[in-house]
file run.txt (compact mmCIF, C-alpha atoms)
# COMPACT_ATOMS: atom_id res chain seq x y z
CA MET A 1 85.56 35.72 37.69
CA LEU A 2 84.03 34.42 40.91
CA LEU A 3 82.57 37.85 41.64
CA LEU A 4 80.83 37.94 38.27
CA GLY A 5 79.37 34.47 38.82
CA ALA A 6 77.97 35.53 42.18
CA VAL A 7 76.30 38.57 40.62
CA LEU A 8 74.64 36.45 37.94
CA LEU A 9 73.44 33.97 40.51
CA LEU A 10 71.76 36.70 42.51
CA LEU A 11 69.98 37.92 39.40
CA ALA A 12 68.59 34.46 38.80
CA LEU A 13 67.24 33.91 42.32
CA PRO A 14 63.91 35.81 41.87
CA SER A 15 62.96 33.65 38.92
CA LEU A 16 63.74 30.48 40.78
CA GLY A 17 61.71 31.60 43.75
CA GLN A 18 58.47 31.98 41.75
CA GLU A 19 55.65 29.43 42.38
CA THR A 20 55.26 26.75 39.65
CA THR A 21 52.34 24.63 38.81
CA GLU A 22 54.46 21.99 37.33
CA LYS A 23 54.17 18.60 38.74
CA PRO A 24 56.84 16.99 40.74
CA GLY A 25 59.58 15.57 38.65
CA ALA A 26 58.87 17.83 35.70
CA LEU A 27 61.82 19.81 34.23
CA LEU A 28 61.94 23.48 34.85
CA PRO A 29 61.92 25.69 31.81
CA MET A 30 64.99 27.75 30.94
CA PRO A 31 65.00 31.36 32.02
CA LYS A 32 63.72 33.80 29.49
CA GLY A 33 66.39 35.31 27.42
CA ALA A 34 68.98 32.74 28.55
CA CYS A 35 71.02 30.91 26.06
CA ALA A 36 71.91 27.30 26.38
CA GLY A 37 75.53 26.82 27.37
CA TRP A 38 76.05 30.44 28.61
CA MET A 39 79.29 31.56 30.12
CA ALA A 40 80.10 34.31 32.70
CA GLY A 41 81.35 37.66 31.35
CA ILE A 42 84.67 39.38 31.99
CA PRO A 43 84.87 40.96 35.56
CA GLY A 44 84.33 44.69 35.73
CA HIS A 45 86.75 47.26 37.11
CA PRO A 46 86.91 47.69 40.90
CA GLY A 47 84.61 50.38 42.30
CA HIS A 48 85.73 53.73 43.81
CA ASN A 49 86.71 53.97 47.47
CA GLY A 50 83.88 54.81 49.75
CA THR A 51 83.61 57.92 51.98
CA PRO A 52 85.92 57.71 55.08
CA GLY A 53 84.10 56.71 58.20
CA ARG A 54 83.86 58.83 61.39
CA ASP A 55 86.75 59.03 63.85
CA GLY A 56 86.71 56.39 66.48
CA ARG A 57 86.59 56.99 70.24
CA ASP A 58 89.75 58.05 72.12
CA GLY A 59 91.74 55.16 73.33
CA THR A 60 92.68 54.48 76.95
CA PRO A 61 95.64 56.70 78.13
CA GLY A 62 98.91 54.84 78.05
CA GLU A 63 101.46 54.55 80.83
CA LYS A 64 103.61 57.61 81.68
CA GLY A 65 106.83 57.60 79.78
CA GLU A 66 110.29 58.15 81.16
CA LYS A 67 111.60 61.68 81.74
CA GLY A 68 113.43 62.98 78.73
CA ASP A 69 116.85 64.59 78.63
CA THR A 70 117.21 68.30 79.55
CA GLY A 71 117.03 70.44 76.49
CA LEU A 72 119.60 73.03 75.46
CA THR A 73 119.48 76.47 77.14
CA GLY A 74 117.73 78.97 74.96
CA PRO A 75 118.98 82.50 74.20
CA LYS A 76 118.55 85.25 76.84
CA GLY A 77 115.31 87.13 76.45
CA ASP A 78 114.85 90.89 76.27
CA THR A 79 114.79 92.86 79.53
CA GLY A 80 111.24 93.45 80.70
CA GLU A 81 109.77 96.72 81.90
CA SER A 82 110.33 97.76 85.51
CA GLY A 83 107.58 96.71 87.85
CA VAL A 84 105.67 98.91 90.26
CA THR A 85 107.58 99.87 93.44
CA GLY A 86 106.52 97.63 96.28
CA VAL A 87 105.48 98.60 99.77
CA GLU A 88 108.35 99.60 102.08
CA GLY A 89 109.38 96.69 104.26
CA PRO A 90 110.01 96.75 108.02
CA ARG A 91 113.09 98.46 109.36
CA GLY A 92 116.09 96.17 109.63
CA PHE A 93 118.35 95.62 112.59
CA PRO A 94 121.27 98.02 113.20
CA GLY A 95 124.41 97.04 111.38
CA ILE A 96 127.76 96.29 112.92
CA PRO A 97 129.74 99.48 113.70
CA GLY A 98 132.45 100.20 111.20
CA ARG A 99 136.11 100.57 111.92
CA LYS A 100 137.40 103.70 113.56
CA GLY A 101 138.51 106.24 111.00
CA GLU A 102 141.91 107.79 110.68
CA PRO A 103 142.53 110.90 112.78
CA GLY A 104 141.75 114.04 110.83
CA GLU A 105 143.73 117.22 110.72
CA SER A 106 143.23 119.23 113.84
CA ALA A 107 141.37 122.50 113.35
CA TYR A 108 142.90 125.65 114.69
CA VAL A 109 141.26 126.68 117.96
CA TYR A 110 141.01 130.38 118.66
CA ARG A 111 141.61 131.18 122.32
CA SER A 112 141.34 134.39 124.27
CA ALA A 113 140.77 134.47 128.04
CA PHE A 114 141.94 136.12 131.22
CA SER A 115 141.18 136.16 134.94
CA VAL A 116 142.84 138.71 137.22
CA GLY A 117 142.50 140.03 140.78
CA LEU A 118 143.17 143.15 142.82
CA GLU A 119 146.31 143.13 144.97
CA THR A 120 145.80 146.48 146.72
CA ARG A 121 142.79 148.57 147.64
CA VAL A 122 144.38 151.68 146.17
CA THR A 123 142.16 152.60 143.21
CA VAL A 124 141.55 155.94 141.53
CA PRO A 125 137.94 156.92 140.70
CA ASN A 126 137.01 157.43 137.05
CA MET A 127 140.11 155.56 135.89
CA PRO A 128 140.52 151.91 134.81
CA ILE A 129 141.06 149.62 137.82
CA ARG A 130 144.45 147.89 137.48
CA PHE A 131 144.07 144.23 138.43
CA THR A 132 147.64 143.01 138.85
CA LYS A 133 147.10 139.56 140.45
CA ILE A 134 147.17 137.26 137.40
CA PHE A 135 145.19 134.01 137.63
CA TYR A 136 145.21 133.34 133.89
CA ASN A 137 146.48 135.42 130.96
CA GLN A 138 148.19 132.93 128.67
CA GLN A 139 147.43 134.86 125.46
CA ASN A 140 148.47 138.16 127.11
CA HIS A 141 145.33 139.87 125.84
CA TYR A 142 144.91 141.60 129.21
CA ASP A 143 147.35 144.40 129.94
CA GLY A 144 148.11 144.68 133.67
CA THR A 145 149.80 148.06 133.24
CA THR A 146 146.61 149.70 131.92
CA GLY A 147 143.98 147.39 133.39
CA LYS A 148 142.41 146.93 129.93
CA PHE A 149 141.56 143.86 127.87
CA HIS A 150 142.54 144.16 124.20
CA CYS A 151 140.48 142.23 121.63
CA ASN A 152 142.70 140.38 119.14
CA ILE A 153 140.06 137.94 117.83
CA PRO A 154 136.67 139.33 116.75
CA GLY A 155 133.72 137.44 118.21
CA LEU A 156 131.39 137.11 121.18
CA TYR A 157 132.92 137.47 124.67
CA TYR A 158 131.69 136.90 128.20
CA PHE A 159 132.84 139.27 130.99
CA SER A 160 132.17 139.11 134.74
CA PHE A 161 133.43 140.79 137.88
CA HIS A 162 133.13 140.26 141.62
CA ILE A 163 134.05 143.24 143.82
CA THR A 164 134.54 143.20 147.61
CA VAL A 165 133.01 146.31 149.17
CA TYR A 166 134.42 147.73 152.38
CA LEU A 167 134.40 151.08 154.24
CA LYS A 168 132.60 152.98 151.45
CA ASP A 169 129.82 152.59 148.92
CA VAL A 170 130.78 151.30 145.49
CA LYS A 171 129.76 152.41 142.02
CA VAL A 172 131.44 150.30 139.31
CA SER A 173 130.89 150.34 135.56
CA LEU A 174 132.20 148.13 132.75
CA TYR A 175 133.46 150.06 129.74
CA LYS A 176 133.79 149.19 126.08
CA LYS A 177 135.54 151.65 123.76
CA ASP A 178 135.24 154.58 126.23
CA LYS A 179 131.52 153.93 126.78
CA ALA A 180 129.98 152.44 129.93
CA VAL A 181 127.79 149.44 129.09
CA LEU A 182 127.10 148.04 132.58
CA PHE A 183 126.61 149.75 135.98
CA THR A 184 126.68 148.23 139.46
CA TYR A 185 126.02 149.97 142.76
CA ASP A 186 126.39 148.60 146.31
CA GLN A 187 125.74 150.49 149.52
CA TYR A 188 128.19 149.76 152.28
CA GLN A 189 126.79 148.57 155.61
CA ASP A 190 128.73 149.79 158.65
CA LYS A 191 131.27 147.32 160.02
CA ASN A 192 130.42 144.74 157.37
CA VAL A 193 132.05 143.39 154.17
CA ASP A 194 129.76 143.39 151.16
CA GLN A 195 130.02 142.30 147.50
CA ALA A 196 129.08 143.76 144.17
CA SER A 197 129.06 141.71 140.95
CA GLY A 198 127.91 141.73 137.35
CA SER A 199 128.30 139.89 134.01
CA VAL A 200 127.55 140.59 130.38
CA LEU A 201 127.97 139.25 126.81
CA LEU A 202 129.65 141.64 124.36
CA TYR A 203 130.48 141.36 120.70
CA LEU A 204 133.94 142.80 120.05
CA GLU A 205 135.77 143.76 116.93
CA LYS A 206 139.52 143.47 116.71
CA GLY A 207 141.11 146.42 118.54
CA ASP A 208 138.22 147.00 120.97
CA GLN A 209 139.12 147.48 124.67
CA VAL A 210 137.16 146.51 127.80
CA TRP A 211 137.86 147.52 131.43
CA LEU A 212 136.33 148.25 134.85
CA GLN A 213 136.44 151.55 136.70
CA ALA A 214 134.84 153.17 139.73
CA TYR A 215 132.77 156.20 138.80
CA GLY A 216 131.64 159.17 140.83
CA ASP A 217 133.58 160.82 143.67
CA GLU A 218 135.90 159.28 146.24
CA GLU A 219 132.97 158.47 148.53
CA ASN A 220 131.83 155.83 146.01
CA ASN A 221 135.18 154.05 145.75
CA GLY A 222 134.86 151.25 148.29
CA VAL A 223 136.60 148.66 146.08
CA TYR A 224 138.61 146.48 148.46
CA ALA A 225 141.01 143.52 148.55
CA ASP A 226 143.30 141.87 151.11
CA ASN A 227 144.77 138.45 151.79
CA VAL A 228 141.33 136.93 152.52
CA ASN A 229 139.03 139.05 150.33
CA ASP A 230 139.39 139.26 146.55
CA SER A 231 138.06 141.51 143.83
CA ILE A 232 138.32 139.82 140.45
CA PHE A 233 137.74 140.56 136.76
CA THR A 234 137.31 137.75 134.16
CA GLY A 235 136.62 137.51 130.44
CA PHE A 236 136.86 134.91 127.65
CA LEU A 237 135.94 134.28 124.00
CA LEU A 238 132.80 132.19 123.41
CA TYR A 239 133.11 131.92 119.62
CA HIS A 240 135.13 133.74 117.03
CA ASN A 241 133.94 135.45 113.85
CA ILE A 242 136.86 135.20 111.46
CA GLU A 243 136.01 134.78 107.79
call {"tool": "encode", "arguments": {"input": "run.txt", "output": "structure tokens"}}
result
Amino acid sequence: MLLLGAVLLLLALPSLGQETTEKPGALLPMPKGACAGWMAGIPGHPGHNGTPGRDGRDGTPGEKGEKGDTGLTGPKGDTGESGVTGVEGPRGFPGIPGRKGEPGESAYVYRSAFSVGLETRVTVPNMPIRFTKIFYNQQNHYDGTTGKFHCNIPGLYYFSFHITVYLKDVKVSLYKKDKAVLFTYDQYQDKNVDQASGSVLLYLEKGDQVWLQAYGDEENNGVYADNVNDSIFTGFLLYHNIE
């Protein structure tokens, strides 16, 4: 009701503002079209809402809140792809030595060796020299009755001899399977004791025989031995070849 009266009053203001030529104290005429004793009409319906205004400016940040409680652990994610291999790092320090291991089973060692000497200067040319002074012959692979070494273990052997030469020249050869493989010659010097020696590596099969003998005539048989001069023959296995 009040709103309607205000609207009507505003409509009447232009008429009241017009200049009048009436004298002071004269009555103003009634507005045109107005009825005496008029009454305000029934208020109209409220108008529609206007368009929303623009958003206002951001407010001032508030104070930092308290830390919240830890959330629940989520499910395990899928395994990712392997990354690129990195650059090799520096070498580390040596580790602490480990404990000593248990003793292993001992391997069988193949042995074959002999070392013999001449007890008398009596030797026969072109026959095996019988060395009967035994320094070592634990495996009994050297036969003192024949002067020959018998191979029982196939492999590589080392043989050497050192002969004292006295009164005559000496020609000595080392034989393998009835074939001379090494020759040594020493010319005797009058009233002097000389020496002749030699050594060789031989591969032997089982059953092979090796020996020394003077070759030529009696004039080349100056092999000698006494209580202060020895003539010796030695041989031993370096490594075996048993499958």
call {"tool": "atom_distance", "arguments": {"input": "run.txt", "atom1": "CA of Thr145 in chain A", "atom2": "CA of Phe131 in chain A"}}
result
8.6 Å
call {"tool": "atom_distance", "arguments": {"input": "run.txt", "atom1": "CA of Arg130 in chain A", "atom2": "CA of Ser199 in chain A"}}
result
18.4 Å
call {"tool": "residues_around", "arguments": {"input": "run.txt", "residues": "Gly117 in chain A", "least_positions_apart": "3", "cutoff": "8 Å", "atoms": "all atoms listed in the file", "output": "PyMOL selection string"}}
result
chain A and resi 131-135+230-233
call {"tool": "closest_residue", "arguments": {"input": "run.txt", "among": "A:Gly86, A:Pro125, A:Pro61, A:Gly198", "to": "Phe159 in chain A", "atoms": "all atoms listed in the file"}}
result
A:Gly198
call {"tool": "closest_residue", "arguments": {"input": "run.txt", "among": "A:His162, A:His48, A:Lys67, A:Lys191", "to": "Leu118 in chain A", "atoms": "only C-alpha atoms"}}
result
A:His162
call {"tool": "atom_distance", "arguments": {"input": "run.txt", "atom1": "CA of Glu219 in chain A", "atom2": "CA of Met127 in chain A"}}
result
14.8 Å
call {"tool": "residues_around", "arguments": {"input": "run.txt", "residues": "range 175-186 of chain A", "least_positions_apart": "5", "cutoff": "8 Å", "atoms": "all atoms listed in the file", "output": "ChimeraX atom specification"}}
result
/A:165,169-170,194-198,200,208-213
call {"tool": "axis_aligned_box", "arguments": {"input": "run.txt", "around": "range 229-241 of chain A", "padding_each_side": "3 Å", "output": "lines of an AutoDock Vina configuration file"}}
result
center_x = 136.1
center_y = 136.7
center_z = 132.1
size_x = 12.6
size_y = 15.6
size_z = 42.5
call {"tool": "closest_residue", "arguments": {"input": "run.txt", "among": "A:Tyr188, A:Lys148, A:Leu201, A:Ala214", "to": "Lys171 in chain A", "atoms": "all atoms listed in the file"}}
result
A:Ala214
call {"tool": "residues_around", "arguments": {"input": "run.txt", "residues": "Glu205 in chain A", "least_positions_apart": "5", "cutoff": "9 Å", "atoms": "all atoms listed in the file", "output": "list of chain:residue names"}}
result
A:Cys151, A:Asn152, A:Ile153, A:Pro154, A:Gly155
call {"tool": "residues_near_point", "arguments": {"input": "run.txt", "point": "(141.4, 136.5, 122.5)", "cutoff": "9 Å", "atoms": "all atoms listed in the file", "output": "JSON, numbers by chain"}}
result
{"A": [110, 111, 112, 113, 114, 139, 140, 141, 150, 151, 152, 153, 154, 155, 157, 236, 237, 240]}
call {"tool": "closest_residue", "arguments": {"input": "run.txt", "among": "A:Ser173, A:Thr60, A:Ser160, A:Thr85", "to": "Gly216 in chain A", "atoms": "all atoms listed in the file"}}
result
A:Ser173
